[in-house]
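Read the structure below first, then the notes.
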Amino acid sequence: MDDTVLFLSAYNSTQYKATNWFLRKLRNVIPHKKKQMQSLLEKHHLSFVATDETITSVDGKMEVTAQYDYVHQATTFSFKSKDSAEKENNASDSLKDSGFYINLRHAQSILVDERYFKIEFTFWLEPFLVWINGQMYQIDAGAFMMNSVLFIVFEVINYKTGKPLAKDDVGAKAENYNLLSVEKYQFFDEEKPVEAGMKISEIIYENISEFIWELTNKCYRSQEYFFVHDTLVFSNNIENISDYFCKLIDTKAPAEPIKDISTVEIYQYYPQAGCSVVSDFDCDNFQPILYSAIILESLKLYIHIFQNSNLENETDLRRSVRNDIYLQNLFCSPNLPIETHNLLNYIKESEPYKKHAEALHLKISYLHKMN
């Protein structure tokens with residue numbers, strides 16, 4: 001099986017974080033304004049937007065019911081058209097790109113406690129082209145909002161060869177597609193490219209933000225945010241994990257101890273700050289492995305971005321302390337499998353987390369004395 005490389009980003013908008021009005025408003029709009037929703041999806045090149053209860057595409061809206069079998073770790077989804085007059089073939093079209101949503105929800109049900117890590121919305125974008133250093137690539141991307149943070153996941157495909165980037169095509173600096181500037185981009189239904197000067201994740205983030213801005217009657221637009229990036233590599237062709245990490249992040253030695261935190265035999269999972277590697281995986285079970293890794297990486301990004309936001313953005317003593325207590329409670333989340341606990345333990349013992357925690361405690365002490 002060929003390698004798979006995913007690029008992930010987490011964006012925490014300080015404006016959205018300030019109030020839950022945004023989420024309440026968005027939840028109220030989705031069930032009622034069908035024509036407006038579908039026209040906005042087309043305008044912003046989104047195949048669908050989904051919540052726990054509905055999935056809305058340009059072809060229609062479906063009610064979603066999920067039943068979880070925690071013993072056999074299986075999820076059964078049933079779909080029902082919201083429009084009784086809608087034809088069955090249109091209903092099928094509504095679900096044609098829903099694999100990202102279905103697999104993500106299944107992985108979420110297995111690996112996290114929804115009371116602590118809640119996926120509120122899921123998006124899937126139409127594929128689009130980007131030009132980087134004169135080279136043309138196709139981007140396949142999805143996104144989801146968990147705990148009010150937007151997570152972006154995308155794969156980069158060489159448009160000339162039709163092959164996705166492999167493990168040796170990515171690395172630090174000039175080979176980090178999270179950081180490379182896009183000269184121009186174009187969705188397939190557009191007549192000409194748009195000049196960009198942005199990163200790939202920024203294009204996706206701005207596109208979804210514009211969609212949300214219009215959906216909420218232009219009441220909320222994200223202008224300031226914190227973000228973190230991550231690279232996730234799936235490969236069965238890595239001889240030495242430590243050496244590959246050094247190449248991936250351009251260092252002489254890995255920043256953290258290399259440890260497989262997987263508890264199952266069908267794959268090995270090695271997390272690091274800013275990147276992770278999945279190796280020795282069972283190709284016949286790749287889809288559940290892929291989405292399990294996406295959920296676990298999202299937890300890693302969420303904790304880092306929440307910690308950074310509390311350290312750099314929060315100036316109120318009470319909120320700083322409350323946020324720190326909330327973060328500590330996440331590490332004690334109940335009803336989690338051993339693998340998720342292994343990841344949380346790794347994060348808590350990592351040097352970036354410890355340094356940020358120490359800085360935050362100094363900040364809290366300073367704010368306490370100032371008050």
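We name chains A, B, ... following the order of the structure tokens; residues begin at 1 in each chain, and ligands are numbered from 1 as shown.
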Quiz item: Looking only at the backbone, which of the residues in range 31-166 of chain A does DSSP tag as strand (DSSP E or B), as a ChimeraX atom specification?
Solution: /A:46-50,54-57,60-69,74-81,119-125,128-132,135-146,149-158,163-164
Write out the residues from the selection above, keeping C-alpha atoms, as a PDB file, in the first residue's frame.
ATOM      1  CA  LEU A  46     -18.638  22.912   0.395  1.00  0.00           C
ATOM      2  CA  SER A  47     -19.986  19.446  -0.372  1.00  0.00           C
ATOM      3  CA  PHE A  48     -21.810  19.299   2.950  1.00  0.00           C
ATOM      4  CA  VAL A  49     -22.067  20.593   6.498  1.00  0.00           C
ATOM      5  CA  ALA A  50     -23.217  18.190   9.211  1.00  0.00           C
ATOM      6  CA  THR A  54     -28.414  16.382  10.140  1.00  0.00           C
ATOM      7  CA  ILE A  55     -26.196  16.355   7.086  1.00  0.00           C
ATOM      8  CA  THR A  56     -26.931  19.057   4.508  1.00  0.00           C
ATOM      9  CA  SER A  57     -25.482  19.061   1.002  1.00  0.00           C
ATOM     10  CA  GLY A  60     -30.634  17.909   0.023  1.00  0.00           C
ATOM     11  CA  LYS A  61     -30.848  17.439   3.758  1.00  0.00           C
ATOM     12  CA  MET A  62     -30.858  14.166   5.676  1.00  0.00           C
ATOM     13  CA  GLU A  63     -31.657  13.314   9.278  1.00  0.00           C
ATOM     14  CA  VAL A  64     -28.918  11.198  10.848  1.00  0.00           C
ATOM     15  CA  THR A  65     -29.318   8.621  13.600  1.00  0.00           C
ATOM     16  CA  ALA A  66     -26.290   6.809  15.014  1.00  0.00           C
ATOM     17  CA  GLN A  67     -26.362   3.704  17.174  1.00  0.00           C
ATOM     18  CA  TYR A  68     -23.154   2.704  18.929  1.00  0.00           C
ATOM     19  CA  ASP A  69     -22.247  -0.856  19.870  1.00  0.00           C
ATOM     20  CA  ALA A  74     -19.313  -0.695  15.725  1.00  0.00           C
ATOM     21  CA  THR A  75     -21.486   2.216  14.656  1.00  0.00           C
ATOM     22  CA  THR A  76     -24.678   1.914  12.629  1.00  0.00           C
ATOM     23  CA  PHE A  77     -25.922   5.010  10.803  1.00  0.00           C
ATOM     24  CA  SER A  78     -29.410   5.494   9.401  1.00  0.00           C
ATOM     25  CA  PHE A  79     -30.433   8.377   7.155  1.00  0.00           C
ATOM     26  CA  LYS A  80     -33.845   9.833   6.414  1.00  0.00           C
ATOM     27  CA  SER A  81     -34.672  12.621   4.001  1.00  0.00           C
ATOM     28  CA  ILE A 119     -17.614  17.526  17.534  1.00  0.00           C
ATOM     29  CA  GLU A 120     -20.217  20.179  16.767  1.00  0.00           C
ATOM     30  CA  PHE A 121     -19.921  20.477  12.974  1.00  0.00           C
ATOM     31  CA  THR A 122     -18.266  18.634  10.108  1.00  0.00           C
ATOM     32  CA  PHE A 123     -17.439  20.083   6.672  1.00  0.00           C
ATOM     33  CA  TRP A 124     -16.197  18.592   3.419  1.00  0.00           C
ATOM     34  CA  LEU A 125     -14.824  20.833   0.675  1.00  0.00           C
ATOM     35  CA  PHE A 128      -9.326  22.552  -5.527  1.00  0.00           C
ATOM     36  CA  LEU A 129      -6.006  23.309  -7.189  1.00  0.00           C
ATOM     37  CA  VAL A 130      -3.082  25.263  -5.769  1.00  0.00           C
ATOM     38  CA  TRP A 131       0.137  26.515  -7.326  1.00  0.00           C
ATOM     39  CA  ILE A 132       3.230  26.345  -5.103  1.00  0.00           C
ATOM     40  CA  GLN A 135       4.001  23.328  -9.313  1.00  0.00           C
ATOM     41  CA  MET A 136       0.288  22.449  -9.443  1.00  0.00           C
ATOM     42  CA  TYR A 137      -1.324  20.301  -6.747  1.00  0.00           C
ATOM     43  CA  GLN A 138      -4.841  19.115  -5.970  1.00  0.00           C
ATOM     44  CA  ILE A 139      -6.092  19.526  -2.403  1.00  0.00           C
ATOM     45  CA  ASP A 140      -8.657  17.171  -0.864  1.00  0.00           C
ATOM     46  CA  ALA A 141      -9.816  18.649   2.434  1.00  0.00           C
ATOM     47  CA  GLY A 142     -12.283  18.259   5.271  1.00  0.00           C
ATOM     48  CA  ALA A 143     -12.780  20.101   8.532  1.00  0.00           C
ATOM     49  CA  PHE A 144     -14.628  19.746  11.803  1.00  0.00           C
ATOM     50  CA  MET A 145     -15.317  21.935  14.805  1.00  0.00           C
ATOM     51  CA  MET A 146     -14.576  20.324  18.160  1.00  0.00           C
ATOM     52  CA  VAL A 149     -11.923  24.913  17.648  1.00  0.00           C
ATOM     53  CA  LEU A 150     -11.839  24.367  13.879  1.00  0.00           C
ATOM     54  CA  PHE A 151      -9.659  21.448  12.759  1.00  0.00           C
ATOM     55  CA  ILE A 152      -8.588  21.257   9.123  1.00  0.00           C
ATOM     56  CA  VAL A 153      -7.359  18.049   7.479  1.00  0.00           C
ATOM     57  CA  PHE A 154      -6.038  17.955   3.928  1.00  0.00           C
ATOM     58  CA  GLU A 155      -4.095  15.742   1.542  1.00  0.00           C
ATOM     59  CA  VAL A 156      -1.832  17.070  -1.217  1.00  0.00           C
ATOM     60  CA  ILE A 157      -1.859  15.350  -4.622  1.00  0.00           C
ATOM     61  CA  ASN A 158       0.639  16.003  -7.397  1.00  0.00           C
ATOM     62  CA  LYS A 163      -0.256  10.598  -6.906  1.00  0.00           C
ATOM     63  CA  PRO A 164      -0.589  11.874  -3.322  1.00  0.00           C
TER      64      PRO A 164
END
Quiz item: Expressed in Å to a single decimal, how great is the separation between CA of Glu42 in chain A and CA of Phe211 in chain A?
Solution: 10.0 Å
Self-check item: Which of A:Ser148, A:Ser320, A:Ser276, A:Asn285 sits closest to Cys246 in chain A [using only C-alpha atoms]
Solution: A:Ser276
Quiz item: So which residues of range 226-315 of chain A fall under helix (DSSP H, G or I) by DSSP, listed as a PyMOL selection string?
Solution: chain A and resi 241-249+283-312
